$ cat upload_28.cif   # mmCIF, C-alpha atoms
data_query
loop_
_atom_site.group_PDB
_atom_site.id
_atom_site.type_symbol
_atom_site.label_atom_id
_atom_site.label_comp_id
_atom_site.auth_asym_id
_atom_site.auth_seq_id
_atom_site.Cartn_x
_atom_site.Cartn_y
_atom_site.Cartn_z
ATOM 1 C CA MET Q 44 0.000 0.000 0.000
ATOM 2 C CA ASN Q 45 1.399 3.385 -1.019
ATOM 3 C CA GLN Q 46 1.295 5.786 1.925
ATOM 4 C CA SER Q 47 2.613 8.831 0.045
ATOM 5 C CA ARG Q 48 -0.037 11.367 -0.947
ATOM 6 C CA ASP Q 49 -0.044 14.872 -2.272
ATOM 7 C CA ALA Q 50 -1.732 16.694 0.618
ATOM 8 C CA GLY Q 51 -3.144 19.327 -1.765
ATOM 9 C CA ASN Q 52 -4.710 16.845 -4.195
ATOM 10 C CA PHE Q 53 -8.162 15.864 -2.975
ATOM 11 C CA GLY Q 54 -11.846 16.399 -3.624
ATOM 12 C CA PRO Q 55 -14.720 16.893 -3.342
ATOM 13 C CA GLU Q 56 -14.773 19.731 -0.851
ATOM 14 C CA GLY Q 57 -17.899 20.626 1.087
ATOM 15 C CA MET Q 58 -19.045 23.865 2.714
ATOM 16 C CA GLY Q 59 -22.259 23.440 4.639
ATOM 17 C CA ARG Q 60 -23.768 26.444 6.382
ATOM 18 C CA ILE Q 61 -20.453 28.286 6.190
ATOM 19 C CA LEU Q 62 -20.677 30.958 3.514
ATOM 20 C CA HIS Q 63 -23.805 32.607 4.918
ATOM 21 C CA ASP Q 64 -21.815 33.688 7.992
ATOM 22 C CA TRP Q 65 -19.591 36.046 5.988
ATOM 23 C CA ASP Q 66 -19.555 39.232 3.938
ATOM 24 C CA LEU Q 67 -19.142 39.060 0.151
ATOM 25 C CA PRO Q 68 -15.333 39.499 -0.005
ATOM 26 C CA THR Q 69 -14.872 36.702 2.551
ATOM 27 C CA LYS Q 70 -17.331 34.403 0.739
ATOM 28 C CA LYS Q 71 -15.328 34.904 -2.472
ATOM 29 C CA MET Q 72 -12.006 34.339 -0.677
ATOM 30 C CA LEU Q 73 -13.223 31.044 0.820
ATOM 31 C CA ILE Q 74 -14.378 29.840 -2.605
ATOM 32 C CA GLN Q 75 -11.026 30.888 -4.132
ATOM 33 C CA LYS Q 76 -9.162 28.915 -1.471
ATOM 34 C CA ALA Q 77 -11.322 25.865 -2.185
ATOM 35 C CA VAL Q 78 -10.660 25.991 -5.941
ATOM 36 C CA ALA Q 79 -6.930 26.425 -5.285
ATOM 37 C CA ALA Q 80 -6.911 23.304 -3.076
ATOM 38 C CA LEU Q 81 -8.805 21.079 -5.510
ATOM 39 C CA PRO Q 82 -7.238 19.034 -8.303
ATOM 40 C CA SER Q 83 -8.392 19.576 -11.882
ATOM 41 C CA GLY Q 84 -11.864 18.075 -12.189
ATOM 42 C CA GLY Q 85 -12.442 18.326 -8.410
ATOM 43 C CA ALA Q 86 -15.755 19.518 -6.984
ATOM 44 C CA LEU Q 87 -16.899 22.002 -4.361
ATOM 45 C CA ILE Q 88 -20.342 21.430 -2.871
ATOM 46 C CA VAL Q 89 -21.927 24.367 -1.031
ATOM 47 C CA TYR Q 90 -25.184 23.670 0.793
ATOM 48 C CA GLU Q 91 -27.443 25.955 2.787
ATOM 49 C CA SER Q 92 -30.952 27.366 2.697
ATOM 50 C CA ILE Q 93 -30.172 28.923 -0.668
ATOM 51 C CA ILE Q 94 -32.651 31.559 -1.797
ATOM 52 C CA ASP Q 95 -34.420 30.912 -5.104
ATOM 53 C CA ASP Q 96 -33.301 33.203 -7.918
ATOM 54 C CA ASP Q 97 -36.680 34.991 -8.034
ATOM 55 C CA ARG Q 98 -36.559 35.538 -4.261
ATOM 56 C CA SER Q 99 -40.198 34.489 -4.063
ATOM 57 C CA LYS Q 100 -40.433 30.786 -3.134
ATOM 58 C CA ASN Q 101 -37.978 29.873 -0.366
ATOM 59 C CA ALA Q 102 -39.329 31.929 2.538
ATOM 60 C CA PHE Q 103 -37.109 29.992 4.954
ATOM 61 C CA GLY Q 104 -33.994 31.058 3.005
ATOM 62 C CA LEU Q 105 -35.133 34.680 3.079
ATOM 63 C CA MET Q 106 -35.771 34.494 6.833
ATOM 64 C CA MET Q 107 -32.388 32.822 7.360
ATOM 65 C CA SER Q 108 -30.753 35.720 5.507
ATOM 66 C CA LEU Q 109 -32.483 38.187 7.822
ATOM 67 C CA ASN Q 110 -31.336 36.090 10.781
ATOM 68 C CA MET Q 111 -27.721 36.186 9.549
ATOM 69 C CA LEU Q 112 -27.906 39.977 9.205
ATOM 70 C CA ILE Q 113 -29.020 40.155 12.845
ATOM 71 C CA GLU Q 114 -26.590 37.570 14.284
ATOM 72 C CA THR Q 115 -23.409 38.322 12.320
ATOM 73 C CA PRO Q 116 -21.574 41.537 11.449
ATOM 74 C CA ARG Q 117 -22.128 41.165 7.667
ATOM 75 C CA GLY Q 118 -23.375 37.640 6.936
ATOM 76 C CA PHE Q 119 -26.217 36.999 4.500
ATOM 77 C CA ASP Q 120 -27.794 34.202 2.508
ATOM 78 C CA TYR Q 121 -27.765 34.274 -1.279
ATOM 79 C CA THR Q 122 -29.293 32.812 -4.410
ATOM 80 C CA GLY Q 123 -28.006 29.835 -6.349
ATOM 81 C CA ALA Q 124 -27.145 32.177 -9.228
ATOM 82 C CA ASP Q 125 -25.091 34.359 -6.853
ATOM 83 C CA CYS Q 126 -23.063 31.385 -5.617
ATOM 84 C CA ALA Q 127 -22.629 29.932 -9.113
ATOM 85 C CA GLY Q 128 -21.315 33.317 -10.285
ATOM 86 C CA TRP Q 129 -18.780 33.495 -7.440
ATOM 87 C CA MET Q 130 -17.649 29.949 -8.252
ATOM 88 C CA LYS Q 131 -17.139 30.749 -11.947
ATOM 89 C CA GLU Q 132 -15.275 33.933 -11.023
ATOM 90 C CA ALA Q 133 -12.963 31.831 -8.805
ATOM 91 C CA GLY Q 134 -12.156 29.329 -11.569
ATOM 92 C CA PHE Q 135 -14.837 26.652 -11.592
ATOM 93 C CA SER Q 136 -15.721 25.764 -15.180
ATOM 94 C CA SER Q 137 -19.216 24.463 -14.542
ATOM 95 C CA THR Q 138 -21.787 24.886 -11.797
ATOM 96 C CA ARG Q 139 -25.280 23.656 -11.070
ATOM 97 C CA VAL Q 140 -27.887 24.211 -8.376
ATOM 98 C CA GLU Q 141 -29.652 21.145 -6.987
ATOM 99 C CA PRO Q 142 -32.622 21.262 -4.589
ATOM 100 C CA LEU Q 143 -32.374 19.072 -1.500
ATOM 101 C CA VAL Q 144 -35.039 17.974 0.971
ATOM 102 C CA GLY Q 145 -36.832 20.868 2.667
ATOM 103 C CA PRO Q 146 -35.607 24.443 2.215
ATOM 104 C CA ASP Q 147 -31.994 23.480 1.484
ATOM 105 C CA SER Q 148 -30.206 23.356 -1.860
ATOM 106 C CA MET Q 149 -26.648 22.781 -2.964
ATOM 107 C CA VAL Q 150 -24.482 24.472 -5.546
ATOM 108 C CA VAL Q 151 -21.897 22.192 -7.152
ATOM 109 C CA GLY Q 152 -18.846 23.655 -8.871
ATOM 110 C CA ILE Q 153 -16.396 21.606 -10.943
ATOM 111 C CA LYS Q 154 -12.841 22.878 -11.325
ATOM 112 C CA ARG Q 155 -11.742 23.171 -14.931
ATOM 113 C CA CYS Q 156 -9.359 20.490 -16.123
ATOM 114 C CA GLY Q 157 -5.923 21.401 -17.379
ATOM 115 C CA TYR Q 158 -6.170 25.138 -16.830
ATOM 116 C CA GLY Q 159 -4.743 27.439 -14.211
ATOM 117 C CA VAL Q 160 -6.979 29.235 -11.782
ATOM 118 C CA PRO Q 161 -6.928 32.899 -10.848
ATOM 119 C CA ALA Q 162 -4.505 33.873 -8.100
ATOM 120 C CA LEU Q 163 -5.982 34.170 -4.631
ATOM 121 C CA SER Q 164 -6.831 37.706 -3.670
ATOM 122 C CA ARG Q 165 -5.519 38.769 -0.323
#
$ encode --input "upload_28.cif" --output "structure tokens"
Amino acid sequence: MNQSRDAGNFGPEGMGRILHDWDLPTKKMLIQKAVAALPSGGALIVYESIIDDDRSKNAFGLMMSLNMLIETPRGFDYTGADCAGWMKEAGFSSTRVEPLVGPDSMVVGIKRCGYGVPALSR
């Protein structure tokens, strides 16, 4: 059995109920760090009470966003399109939003194969 491993070569990554705690620059930084850590073809799965793109159906997601604004300095919930856009900006080549049971959904981003990714912003 080969015990040697490249510590930076793994996937998929998951962020559950993490991004909604943070402001937009921090959300983007966390996604950039995830894409930098993933191998080509790796996946990031973000799941929360993601707000529907029309902001009209997932009342729980909207209430959770209000809750985050009250409980955190700058946290907020977001739509699937918002998260997919941040993922593409960070270097994911494809994204999709998948509904889960109840008010939760997940956004899946796949890191492009064979291409570099943008440098992490500091």
$ closest_residue --input "upload_28.cif" --among "Q:Leu105, Q:Ala133, Q:Asp147, Q:Val78" --to "Arg60 in chain Q" --atoms "all atoms listed in the file"
Q:Asp147
$ atom_distance --input "upload_28.cif" --atom1 "CA of Leu109 in chain Q" --atom2 "CA of Gly57 in chain Q"
23.8 Å
$ closest_residue --input "upload_28.cif" --among "Q:Gly59, Q:Pro68, Q:Gly123, Q:Gly118" --to "Tyr90 in chain Q" --atoms "all atoms listed in the file"
Q:Gly59
$ closest_residue --input "upload_28.cif" --among "Q:Val151, Q:Ala86, Q:Met107, Q:Met130" --to "Lys71 in chain Q" --atoms "all atoms listed in the file"
Q:Met130
$ closest_residue --input "upload_28.cif" --among "Q:Val89, Q:Asp97, Q:Pro82, Q:Lys76" --to "Arg139 in chain Q" --atoms "only C-alpha atoms"
Q:Val89
$ residues_around --input "upload_28.cif" --residues "Lys131 in chain Q" --least-positions-apart "6" --cutoff "8 Å" --atoms "only C-alpha atoms" --output "ChimeraX atom specification"
/Q:137-138,152
$ atom_distance --input "upload_28.cif" --atom1 "CA of Val144 in chain Q" --atom2 "CA of Leu81 in chain Q"
27.2 Å
$ closest_residue --input "upload_28.cif" --among "Q:Ser148, Q:Ser99, Q:Gln75, Q:Thr69" --to "Arg117 in chain Q" --atoms "all atoms listed in the file"
Q:Thr69
$ closest_residue --input "upload_28.cif" --among "Q:Pro55, Q:Ala124, Q:Ser92, Q:Glu132" --to "Asn110 in chain Q" --atoms "only C-alpha atoms"
Q:Ser92
$ atom_distance --input "upload_28.cif" --atom1 "CA of Ile153 in chain Q" --atom2 "CA of Asp64 in chain Q"
23.1 Å
$ resolve_selection --input "upload_28.cif" --expression "the PyMOL selection byres ((chain Q and resi 94) around 6)" --output "list in words"
Ile93, Asp95, Asn101, Gly104, Tyr121 and Thr122 of chain Q
$ write_last_selection --input "upload_28.cif" --atoms "C-alpha atoms" --output "PDB file, in the coordinates of the input"
ATOM      1  CA  ILE Q  93     -30.172  28.923  -0.668  1.00  0.00           C
ATOM      2  CA  ASP Q  95     -34.420  30.912  -5.104  1.00  0.00           C
ATOM      3  CA  ASN Q 101     -37.978  29.873  -0.366  1.00  0.00           C
ATOM      4  CA  GLY Q 104     -33.994  31.058   3.005  1.00  0.00           C
ATOM      5  CA  TYR Q 121     -27.765  34.274  -1.279  1.00  0.00           C
ATOM      6  CA  THR Q 122     -29.293  32.812  -4.410  1.00  0.00           C
TER       7      THR Q 122
END
